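S.K.: One structure is given below, represented as structure tokens, and several questions about it will come after.
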Amino acid sequence: MELKHLIDYCDITDTDLEEIYELAADIIASPRKYASACSGKIMATLFYEPSTRTQLSFQTAMMRLGGTVMGFSDPNSSSVKKGESLRDTVKVISTYADITVIRNPVEGAAYAASLYSSVPVINAGDGGHLHPTQTLADIFTIRRHRGNCDGLCIGFCGDLLYGRTVHSLISALMRYKNVRIRLISTPQLTIPEYLRDKLDRAGIEYSLHQTIDECIGELDVLYMTRIQKERFSSEDEYRRQAGVYVLTEEKMKAARSDMIVMHPLPKVDEISFGVDDDPRAAYFDQVRNGLYVRMALILLMCGANGEKYESRIYPPPAHERCCRNPRCITNFEKYLPEMSKRVGERQACAYCDCLK
Ligand code: CP
């Protein structure tokens with residue numbers, strides 16, 4: 001596998017993706033074959049933000065491969081509380097561990113961590129930006145239910161602005177043929193500018209909707225999301241958006257019999273409990289699949305070669321403020337170098353994808 005760090009699902013080549021999905025399927029079929037595959041390996045899980053599924057599935061995945069885990073789930077229990085920089089924390093951890101999984105509330109934090117790590121870094125969610133391993137679970141789930149993603153009509157509902165799982169999955173779907181996307185949200189929570197630009201450049205057919213009813217009948221997949229209280233700057237702003245979209249058993253009557261409902265979870269009130277019993281509800285299956293794709297990923301990223309990477313030296317930042325996105329890591333960790341990437345005709349921040 002060519003992949004050094006997993007920051008963005010788009011970093012993974014088609015060949016590597018097939019290898020991950022085939023390996024995940026083989027782990028499901030023959031789990032005992034892999035029970036010692038990572039024996040002697042140590043995974044660090046650095047969670048600066050709460051998590052149930054991602055943290056515990058990564059830990060379970062490593063343990064089911066025969067490896068061990070260490071790390072923190074509350075930065076206040078680590079030296080982060082004393083003011084240690086992300087850079088120093090990551091440098092230190094990579095002297096202990098063979099692979100690091102990091103979740104951070106700040107956009108671009110995983111990319112920043114990868115600059116200073118001598119072992120592979122996996123992005124387990126960076127603020128409202130990306131969540132590539134959730135996307136592995138999502139695509140694997142769609143493939144297992146529908147065989148392929150080509151030609152599917154996929155609706156995204158809820159927080160499309162800060163929903164990192166939405167951003168990663170929409171980008172991933174651009175690799176497939178004739179995918180149609182329906183974006184269901186309030187105008188305030190529609191997808192970010194960079195993603196719309198990406199959809200336009202890829203020539204993907206998409207449309208904006210304000211109600212689920214407008215498009216549920218044509219969907220193959222309905223991807224529901226939570227309105228994330230933690231991403232809003234005030235309680236009032238959150239309250240204006242909360243509770244707008246609720247998928248009920250009544251609404252499900254208008255959906256096709258083979259449509260599947262997905263959700264990265266946790267869910268709060270956006271799906272009625274009655275929908276859980278509908279055979280089209282695929283979100284707990286998604287959770288199970290998340291474990292197997294993470295096992296495959298760990299195995300491919302740190303199972304075979306344990307080589308350390310050269311640490312690199314970066315020039316100091318040229319400007320006081322590197323990125324116009326106030327939620328970008330460059331506005332919090334001031335030593336980070338300014339780094340850009342070309343996106344079509346434009347330049348974007350290499351950490352958070354914000355267009356310049
Ligand atoms: N899907 C997901 O990221 O869940 P957690 O926040 O519980 O990890």
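For the structure tokens, the naming scheme is as follows: chains receive sequential letters (A, B, ...) according to their order of presentation, residues are indexed from 1 within each chain, and ligands are indexed from 1 in presentation order.
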As a VMD selection string, please: every residue in segment 79-321 of chain A that a backbone DSSP assignment puts in helix (DSSP H, G or I).
M.R.: chain A and resid 79 to 82 86 to 96 109 to 116 132 to 146 164 to 173 187 to 189 193 to 202 216 to 218 229 to 231 235 to 241 249 to 252 273 to 277 283 to 303
S.K.: Pick out the residues sitting within 12 Å of Arg231 of chain A, and hand them over as a PyMOL selection string; count only C-alpha atoms, and ignore anything fewer than 5 positions along from it in its own chain.
M.R.: chain A and resi 49+105-107+126-129+159-164+189+226+237-238+241+327
S.K.: Return as a ChimeraX atom specification every polymer residue, whether protein, DNA or RNA, with at least one atom no more than 6 Å from an atom of ligand 1; count only C-alpha atoms and all ligand atoms.
M.R.: /A:51-55,264-266
S.K.: Work out how far apart atom CA of Cys323 of chain A and atom CA of Ser340 of chain A are and give it in Å to one decimal.
M.R.: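 Separation of atom CA of Cys323 of chain A and atom CA of Ser340 of chain A: 9.7 Å.
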S.K.: Tell me which protein, DNA and RNA residues are within 12 Å of Cys352 of chain A, counting only C-alpha atoms, leaving out same-chain ones fewer than 4 positions away, and put them as a count of residues only.
M.R.: 37
S.K.: Would you please work out which residue, of A:Thr141, A:Met43, A:Thr15, A:Lys334, is nearest to Val287 of chain A when using only C-alpha atoms?
M.R.: A:Thr141
S.K.: Could you check which of A:Asp353, A:Asp197, A:Glu333, A:Glu218 is closest to Ala254 of chain A, using only C-alpha atoms?
M.R.: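 Among the listed residues, A:Glu218 lies closest to Ala254 of chain A.
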S.K.: State, in Å with one decimal place, the distance from atom CA of Gln188 of chain A to atom CA of Gln228 of chain A.
M.R.: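 These two atoms are separated by 13.3 Å.
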S.K.: Each residue of segment 114-223 of chain A with at least one atom at most 10 Å from segment 18-35 of chain A should appear once, together with its nearest atom pair and the corresponding distance in Å (one decimal); atoms considered: only C-alpha atoms; ordering: chain, then increasing residue number; output as a Markdown table.
M.R.:
```
| residue | atom | partner | partner_atom | distance |
| --- | --- | --- | --- | --- |
| A:Leu136 | CA | A:Tyr21 | CA | 8.3 |
| A:Ala137 | CA | A:Tyr21 | CA | 9.4 |
| A:Ile139 | CA | A:Tyr21 | CA | 9.1 |
| A:Phe140 | CA | A:Tyr21 | CA | 6.7 |
| A:Arg143 | CA | A:Tyr21 | CA | 9.4 |
| A:Arg144 | CA | A:Ala25 | CA | 9.5 |
```
S.K.: Go ahead and save the residues from that selection, with N, CA and C atoms, as a PDB file, in the first residue's frame.
M.R.:
```
ATOM      1  N   LEU A 136     -14.664   5.313   4.617  1.00  0.00           N
ATOM      2  CA  LEU A 136     -14.373   3.908   4.278  1.00  0.00           C
ATOM      3  C   LEU A 136     -15.531   3.022   4.721  1.00  0.00           C
ATOM      4  N   ALA A 137     -16.026   3.262   5.946  1.00  0.00           N
ATOM      5  CA  ALA A 137     -17.157   2.478   6.461  1.00  0.00           C
ATOM      6  C   ALA A 137     -18.405   2.717   5.607  1.00  0.00           C
ATOM      7  N   ILE A 139     -18.684   3.815   2.338  1.00  0.00           N
ATOM      8  CA  ILE A 139     -18.615   3.250   0.976  1.00  0.00           C
ATOM      9  C   ILE A 139     -18.694   1.724   1.045  1.00  0.00           C
ATOM     10  N   PHE A 140     -18.015   1.141   2.035  1.00  0.00           N
ATOM     11  CA  PHE A 140     -18.050  -0.326   2.199  1.00  0.00           C
ATOM     12  C   PHE A 140     -19.494  -0.776   2.440  1.00  0.00           C
ATOM     13  N   ARG A 143     -21.479  -0.499  -0.812  1.00  0.00           N
ATOM     14  CA  ARG A 143     -21.089  -1.600  -1.713  1.00  0.00           C
ATOM     15  C   ARG A 143     -21.724  -2.911  -1.281  1.00  0.00           C
ATOM     16  N   ARG A 144     -21.778  -3.147   0.022  1.00  0.00           N
ATOM     17  CA  ARG A 144     -22.328  -4.422   0.502  1.00  0.00           C
ATOM     18  C   ARG A 144     -23.850  -4.483   0.329  1.00  0.00           C
TER      19      ARG A 144
END
```
S.K.: Set the distance at 12 Å and use only C-alpha atoms: which residues neighbour Glu250 of chain A once local chain neighbours fewer than 5 positions away are removed? I'd like the list as a PyMOL selection string.
M.R.: chain A and resi 212-213+216+255+271-272+274-275+278
S.K.: Which residues, written as a list in words, have at least one atom at most 12 Å from Ser85 of chain A, with only C-alpha atoms counted and residues fewer than 2 positions away on the same chain left out?
M.R.: Pro75, Ser78, Ser79, Val80, Lys81, Lys82, Gly83, Arg87, Asp88, Thr89, Val90, Lys91, Val92, Ala109, Ala112, Ala113, Tyr116, Ile329, Phe332, Glu333, Lys334, Tyr335 and Leu336 of chain A
